[in-house]
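Source file: work_31.pdb (PDB, C-alpha atoms)
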```pdb
ATOM      1  CA  MET A  30      38.201 -38.704   3.595
ATOM      2  CA  VAL A  31      38.277 -37.094   0.134
ATOM      3  CA  LEU A  32      35.145 -39.016  -0.854
ATOM      4  CA  GLY A  33      33.353 -37.583   2.191
ATOM      5  CA  ASN A  34      34.228 -34.034   1.095
ATOM      6  CA  VAL A  35      33.062 -34.703  -2.454
ATOM      7  CA  LYS A  36      29.754 -36.024  -1.142
ATOM      8  CA  LYS A  37      29.373 -33.013   1.181
ATOM      9  CA  TYR A  38      30.055 -30.515  -1.618
ATOM     10  CA  ALA A  39      27.795 -32.378  -4.056
ATOM     11  CA  LEU A  40      24.956 -32.261  -1.525
ATOM     12  CA  GLU A  41      25.500 -28.529  -0.977
ATOM     13  CA  TYR A  42      25.178 -27.872  -4.709
ATOM     14  CA  ILE A  43      22.091 -30.099  -4.961
ATOM     15  CA  TYR A  44      20.561 -28.109  -2.087
ATOM     16  CA  ILE A  45      21.355 -24.850  -3.877
ATOM     17  CA  ILE A  46      19.596 -26.098  -7.014
ATOM     18  CA  ILE A  47      16.551 -27.313  -5.055
ATOM     19  CA  GLY A  48      16.369 -24.123  -2.970
ATOM     20  CA  ALA A  49      16.648 -21.846  -6.002
ATOM     21  CA  PHE A  50      13.988 -23.854  -7.813
ATOM     22  CA  LEU A  51      11.578 -23.633  -4.853
ATOM     23  CA  MET A  52      12.155 -19.890  -4.569
ATOM     24  CA  ALA A  53      11.488 -19.513  -8.288
ATOM     25  CA  VAL A  54       8.285 -21.580  -8.040
ATOM     26  CA  SER A  55       7.140 -19.320  -5.223
ATOM     27  CA  THR A  56       7.880 -16.174  -7.199
ATOM     28  CA  ALA A  57       6.771 -17.213 -10.691
ATOM     29  CA  LEU A  58       3.750 -19.381  -9.894
ATOM     30  CA  PHE A  59       2.327 -17.777  -6.758
ATOM     31  CA  LEU A  60       3.557 -14.272  -6.001
ATOM     32  CA  LEU A  61       4.251 -12.554  -9.320
ATOM     33  CA  PRO A  62       1.028 -13.523 -11.137
ATOM     34  CA  ASN A  63      -0.987 -12.317  -8.139
ATOM     35  CA  GLN A  64       0.865  -8.997  -7.971
ATOM     36  CA  LEU A  65       2.511  -9.896  -4.659
ATOM     37  CA  SER A  66       6.098  -9.138  -3.879
ATOM     38  CA  THR A  67       8.820 -10.327  -1.568
ATOM     39  CA  GLY A  68      11.298  -7.983   0.021
ATOM     40  CA  GLY A  69      14.774  -7.087  -1.088
ATOM     41  CA  ILE A  70      16.120  -7.334  -4.624
ATOM     42  CA  SER A  71      13.384  -9.664  -5.855
ATOM     43  CA  GLY A  72      10.817  -7.165  -4.559
ATOM     44  CA  ILE A  73      12.488  -4.329  -6.434
ATOM     45  CA  SER A  74      12.640  -6.530  -9.536
ATOM     46  CA  THR A  75       8.938  -7.330  -9.198
ATOM     47  CA  ILE A  76       8.080  -3.641  -8.999
ATOM     48  CA  LEU A  77      10.191  -2.946 -12.097
ATOM     49  CA  TYR A  78       8.412  -5.805 -13.857
ATOM     50  CA  TYR A  79       5.019  -4.214 -13.247
ATOM     51  CA  LEU A  80       6.174  -0.672 -14.007
ATOM     52  CA  CYS A  81       8.422  -1.318 -17.014
ATOM     53  CA  ASN A  82       7.793  -4.966 -17.980
ATOM     54  CA  TYR A  83      11.443  -5.894 -17.337
ATOM     55  CA  PRO A  84      12.017  -9.649 -16.857
ATOM     56  CA  VAL A  85      12.203 -10.330 -13.109
ATOM     57  CA  GLY A  86      15.051 -12.843 -13.246
ATOM     58  CA  LEU A  87      17.290 -10.743 -15.465
ATOM     59  CA  THR A  88      16.610  -7.610 -13.410
ATOM     60  CA  MET A  89      17.516  -9.481 -10.208
ATOM     61  CA  LEU A  90      20.742 -10.642 -11.775
ATOM     62  CA  LEU A  91      21.724  -7.143 -12.916
ATOM     63  CA  ILE A  92      20.917  -5.501  -9.578
ATOM     64  CA  ASN A  93      23.006  -8.133  -7.795
ATOM     65  CA  VAL A  94      26.197  -7.364  -9.740
ATOM     66  CA  PRO A  95      27.390  -4.540  -7.426
ATOM     67  CA  LEU A  96      26.583  -6.633  -4.350
ATOM     68  CA  PHE A  97      28.659  -9.483  -5.711
ATOM     69  CA  VAL A  98      31.574  -7.138  -6.312
ATOM     70  CA  ILE A  99      31.439  -6.247  -2.595
ATOM     71  CA  ALA A 100      30.968  -9.881  -1.606
ATOM     72  CA  MET A 101      33.949 -10.961  -3.700
ATOM     73  CA  VAL A 102      36.187  -8.937  -1.377
ATOM     74  CA  LYS A 103      34.385  -9.390   1.948
ATOM     75  CA  VAL A 104      33.271 -13.044   2.084
ATOM     76  CA  ASN A 105      35.096 -16.298   1.560
ATOM     77  CA  LYS A 106      35.465 -17.531  -1.995
ATOM     78  CA  ARG A 107      33.366 -20.687  -1.527
ATOM     79  CA  LEU A 108      30.404 -18.646  -0.309
ATOM     80  CA  PHE A 109      30.942 -16.220  -3.151
ATOM     81  CA  PHE A 110      30.892 -18.863  -5.892
ATOM     82  CA  LYS A 111      28.009 -20.816  -4.353
ATOM     83  CA  SER A 112      26.033 -17.584  -4.071
ATOM     84  CA  ILE A 113      26.658 -16.692  -7.697
ATOM     85  CA  LEU A 114      25.334 -20.133  -8.619
ATOM     86  CA  GLY A 115      22.263 -19.628  -6.417
ATOM     87  CA  THR A 116      21.579 -16.191  -7.880
ATOM     88  CA  VAL A 117      21.988 -17.274 -11.495
ATOM     89  CA  LEU A 118      19.836 -20.371 -10.979
ATOM     90  CA  LEU A 119      17.101 -18.377  -9.241
ATOM     91  CA  SER A 120      17.067 -15.804 -12.036
ATOM     92  CA  VAL A 121      16.986 -18.425 -14.792
ATOM     93  CA  PHE A 122      14.330 -20.525 -13.042
ATOM     94  CA  ILE A 123      12.097 -17.471 -12.482
ATOM     95  CA  ASP A 124      12.242 -16.452 -16.132
ATOM     96  CA  LEU A 125      11.686 -20.053 -17.321
ATOM     97  CA  LEU A 126       8.759 -20.679 -14.972
ATOM     98  CA  GLY A 127       7.262 -17.283 -15.803
ATOM     99  CA  ASN A 128       5.714 -18.794 -18.924
ATOM    100  CA  LEU A 129       3.607 -21.241 -16.897
ATOM    101  CA  SER A 130       0.103 -20.551 -15.616
ATOM    102  CA  PRO A 131      -0.163 -19.552 -11.950
ATOM    103  CA  ILE A 132      -1.119 -22.287  -9.520
ATOM    104  CA  THR A 133      -3.768 -20.084  -7.940
ATOM    105  CA  ASN A 134      -5.357 -16.724  -8.666
ATOM    106  CA  ASP A 135      -6.491 -16.299  -5.070
ATOM    107  CA  ARG A 136      -4.195 -13.639  -3.594
ATOM    108  CA  PHE A 137      -4.589 -14.875  -0.045
ATOM    109  CA  LEU A 138      -3.649 -18.455  -0.958
ATOM    110  CA  ALA A 139      -0.829 -17.217  -3.194
ATOM    111  CA  CYS A 140       0.515 -15.184  -0.300
ATOM    112  CA  ILE A 141       0.378 -18.122   2.119
ATOM    113  CA  TYR A 142       1.743 -20.799  -0.216
ATOM    114  CA  GLY A 143       4.224 -18.476  -1.894
ATOM    115  CA  GLY A 144       5.575 -17.355   1.475
ATOM    116  CA  ILE A 145       5.926 -20.883   2.793
ATOM    117  CA  ILE A 146       7.651 -22.147  -0.349
ATOM    118  CA  MET A 147       9.905 -19.072  -0.467
ATOM    119  CA  GLY A 148      10.891 -19.594   3.166
ATOM    120  CA  ILE A 149      11.691 -23.261   2.618
ATOM    121  CA  GLY A 150      13.764 -22.489  -0.492
ATOM    122  CA  THR A 151      15.653 -19.697   1.265
ATOM    123  CA  ALA A 152      16.354 -21.889   4.297
ATOM    124  CA  ILE A 153      17.685 -24.706   2.095
ATOM    125  CA  ILE A 154      20.050 -22.335   0.300
ATOM    126  CA  LEU A 155      21.268 -20.711   3.516
ATOM    127  CA  LYS A 156      21.753 -24.169   5.067
ATOM    128  CA  ALA A 157      23.975 -25.063   2.085
ATOM    129  CA  GLY A 158      26.178 -22.094   2.966
ATOM    130  CA  ALA A 159      25.089 -20.029  -0.021
ATOM    131  CA  SER A 160      22.688 -17.228  -0.853
ATOM    132  CA  THR A 161      20.715 -15.936  -3.805
ATOM    133  CA  GLY A 162      22.393 -12.572  -3.689
ATOM    134  CA  GLY A 163      20.701  -9.366  -2.703
ATOM    135  CA  THR A 164      19.805  -8.936   0.910
ATOM    136  CA  ASP A 165      21.117 -12.436   1.682
ATOM    137  CA  ILE A 166      24.624 -11.143   0.997
ATOM    138  CA  ILE A 167      24.070  -8.088   3.169
ATOM    139  CA  ALA A 168      22.730 -10.320   5.974
ATOM    140  CA  LYS A 169      25.731 -12.654   5.687
ATOM    141  CA  LEU A 170      28.094  -9.665   5.869
ATOM    142  CA  LEU A 171      26.254  -8.364   8.945
ATOM    143  CA  ASN A 172      26.562 -11.809  10.505
ATOM    144  CA  LYS A 173      30.269 -11.916   9.745
ATOM    145  CA  TYR A 174      31.079  -8.535  11.285
ATOM    146  CA  THR A 175      28.445  -8.341  14.063
ATOM    147  CA  THR A 176      26.521 -10.694  16.316
ATOM    148  CA  PHE A 177      23.332 -10.374  14.231
ATOM    149  CA  ASN A 178      21.651 -13.655  13.333
ATOM    150  CA  ILE A 179      21.212 -14.079   9.542
ATOM    151  CA  GLY A 180      17.444 -14.649   9.841
ATOM    152  CA  ILE A 181      16.924 -11.542  11.970
ATOM    153  CA  SER A 182      19.124  -9.494   9.632
ATOM    154  CA  LEU A 183      17.067 -10.627   6.627
ATOM    155  CA  ALA A 184      13.812  -9.712   8.344
ATOM    156  CA  ILE A 185      15.111  -6.236   9.217
ATOM    157  CA  ILE A 186      16.639  -5.521   5.788
ATOM    158  CA  ASP A 187      13.702  -6.841   3.754
TER     159      ASP A 187
END
```
What is this structure when it is put down as structure tokens?
Amino acid sequence: MVLGNVKKYALEYIYIIIGAFLMAVSTALFLLPNQLSTGGISGISTILYYLCNYPVGLTMLLINVPLFVIAMVKVNKRLFFKSILGTVLLSVFIDLLGNLSPITNDRFLACIYGGIIMGIGTAIILKAGASTGGTDIIAKLLNKYTTFNIGISLAIID
């Protein structure tokens, strides 16, 4: 039985890594170079990147600190630690991939492909019982204390 739990937890962490990487690919190689933005904290970070040239990943990490303080008290510890991992990985991956050339310079294609890849990455992370911080945490808190679905909450908040 212990081996089954180890396998389950290992898979969750692998999913978090894969999901964060896909989200970073979407941001760094499709959306950001084409001056497109997602919603939530990454959207705010993108705007700050274009206004002040702040690194997107680092800005996301710093903005998430107060949300993680709230989450530390309000959500279970496993979700909290998995979400910190997801947030840190996403931030690091975005800044590392930011040095690569964009996959396309066509804004329409970047929007389509970036959105699809972002959605897949987000779904993988949420399926692993984690988040990448920001509005994901707010949506999880809404889900915990109300009957709101996480996906609907994310769409409304973003």
message: From the options A:Leu80, A:Met89, A:Ile99, A:Ile73, which residue's atoms come nearest to Val121 of chain A, counting only C-alpha atoms?
response: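 Residue with the minimum atom-to-atom distance to Val121 of chain A: A:Met89.
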- request: Please return, as an MDAnalysis selection string, all polymer residues that have at least one atom within 12 Å of the point (8.4, -24.2, -9.2); use all atoms listed in the file and the file's own coordinate frame.
  value: chainID A and resid 46:60 119 121:132 142:143 146:147 150
- prompt: In Å, with one decimal, what is the gap from atom CA of Thr161 of chain A to atom CA of Ser112 of chain A?
  reply: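 Result for atom CA of Thr161 of chain A versus atom CA of Ser112 of chain A: 5.6 Å, one decimal.
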Give me the residues of segment 31-147 of chain A that have any atom at most 10 Å from an atom of segment 170-175 of chain A; for each, the nearest atom pair and the distance in Å, rounded to one decimal. Use all atoms listed in the file, sort by chain and number, and format it as a Markdown table.
```
| residue | atom | partner | partner_atom | distance |
| --- | --- | --- | --- | --- |
| A:Ile99 | CA | A:Leu170 | CA | 9.7 |
| A:Ala100 | CA | A:Leu170 | CA | 8.0 |
| A:Lys103 | CA | A:Leu170 | CA | 7.4 |
| A:Val104 | CA | A:Leu170 | CA | 7.2 |
```
field: Computed interatomic separation between atom CA of Tyr78 of chain A and atom CA of Phe109 of chain A (Å)
entry: 27.0 Å
Would you place a box with edges along x, y and z of the file around all atoms of segment 166-180 of chain A listed there, add 6 Å to each of its six sides, and report the centre and edge lengths in Å to one decimal, as lines of an AutoDock Vina configuration file?
```
center_x = 24.3
center_y = -11.4
center_z = 8.7
size_x = 25.6
size_y = 18.6
size_z = 27.3
```
query: In Å, how far is it from atom CA of Leu118 of chain A to atom CA of Val98 of chain A?
result: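 Value for the atom CA of Leu118 of chain A-atom CA of Val98 of chain A distance: 18.3 Å.
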- request: Given the file shown, determine the residues that the PyMOL selection byres ((chain A and resi 185) around 12) selects; report them as a list in words.
  value: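 On this input, the PyMOL selection byres ((chain A and resi 185) around 12) captures Gly68, Gly69, Thr164, Asp165, Ile167, Ala168, Leu171, Phe177, Asn178, Ile179, Gly180, Ile181, Ser182, Leu183, Ala184, Ile186 and Asp187 of chain A.
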- request: Tell me, as a PyMOL selection string, which residues lie within 10 Å of Ser71 of chain A, counting all atoms listed in the file; anything in the same chain fewer than 4 positions away does not count.
  value: chain A and resi 56+66-67+75-77+85-86+88-90+92-93+120+161-164
Hey, which bits of segment 99-182 of chain A sit within 7 Å of segment 61-64 of chain A, and for each residue what's the closest pair of atoms and how far apart in Å (one decimal), counting all atoms listed in the file, rows by chain and increasing number, as CSV?
```
residue,atom,partner,partner_atom,distance
A:Pro131,CA,A:Pro62,CA,6.2
A:Asn134,CA,A:Asn63,CA,6.2
A:Arg136,CA,A:Asn63,CA,5.7
A:Ala139,CA,A:Asn63,CA,7.0
```
task: Excluding Lys156 of chain A and residues on its chain fewer than 2 positions from it, collect all residues at most 12 Å away from it, counting all atoms listed in the file, and give them as number ranges by chain.
output: A: 40-45, 47-48, 108, 111, 148-154, 158-160, 179-180
query: Looking at only C-alpha atoms, which of A:Asn105, A:Leu96, A:Phe137, A:Gly115 is the one that sits closest to Ile166 of chain A?
result: A:Leu96
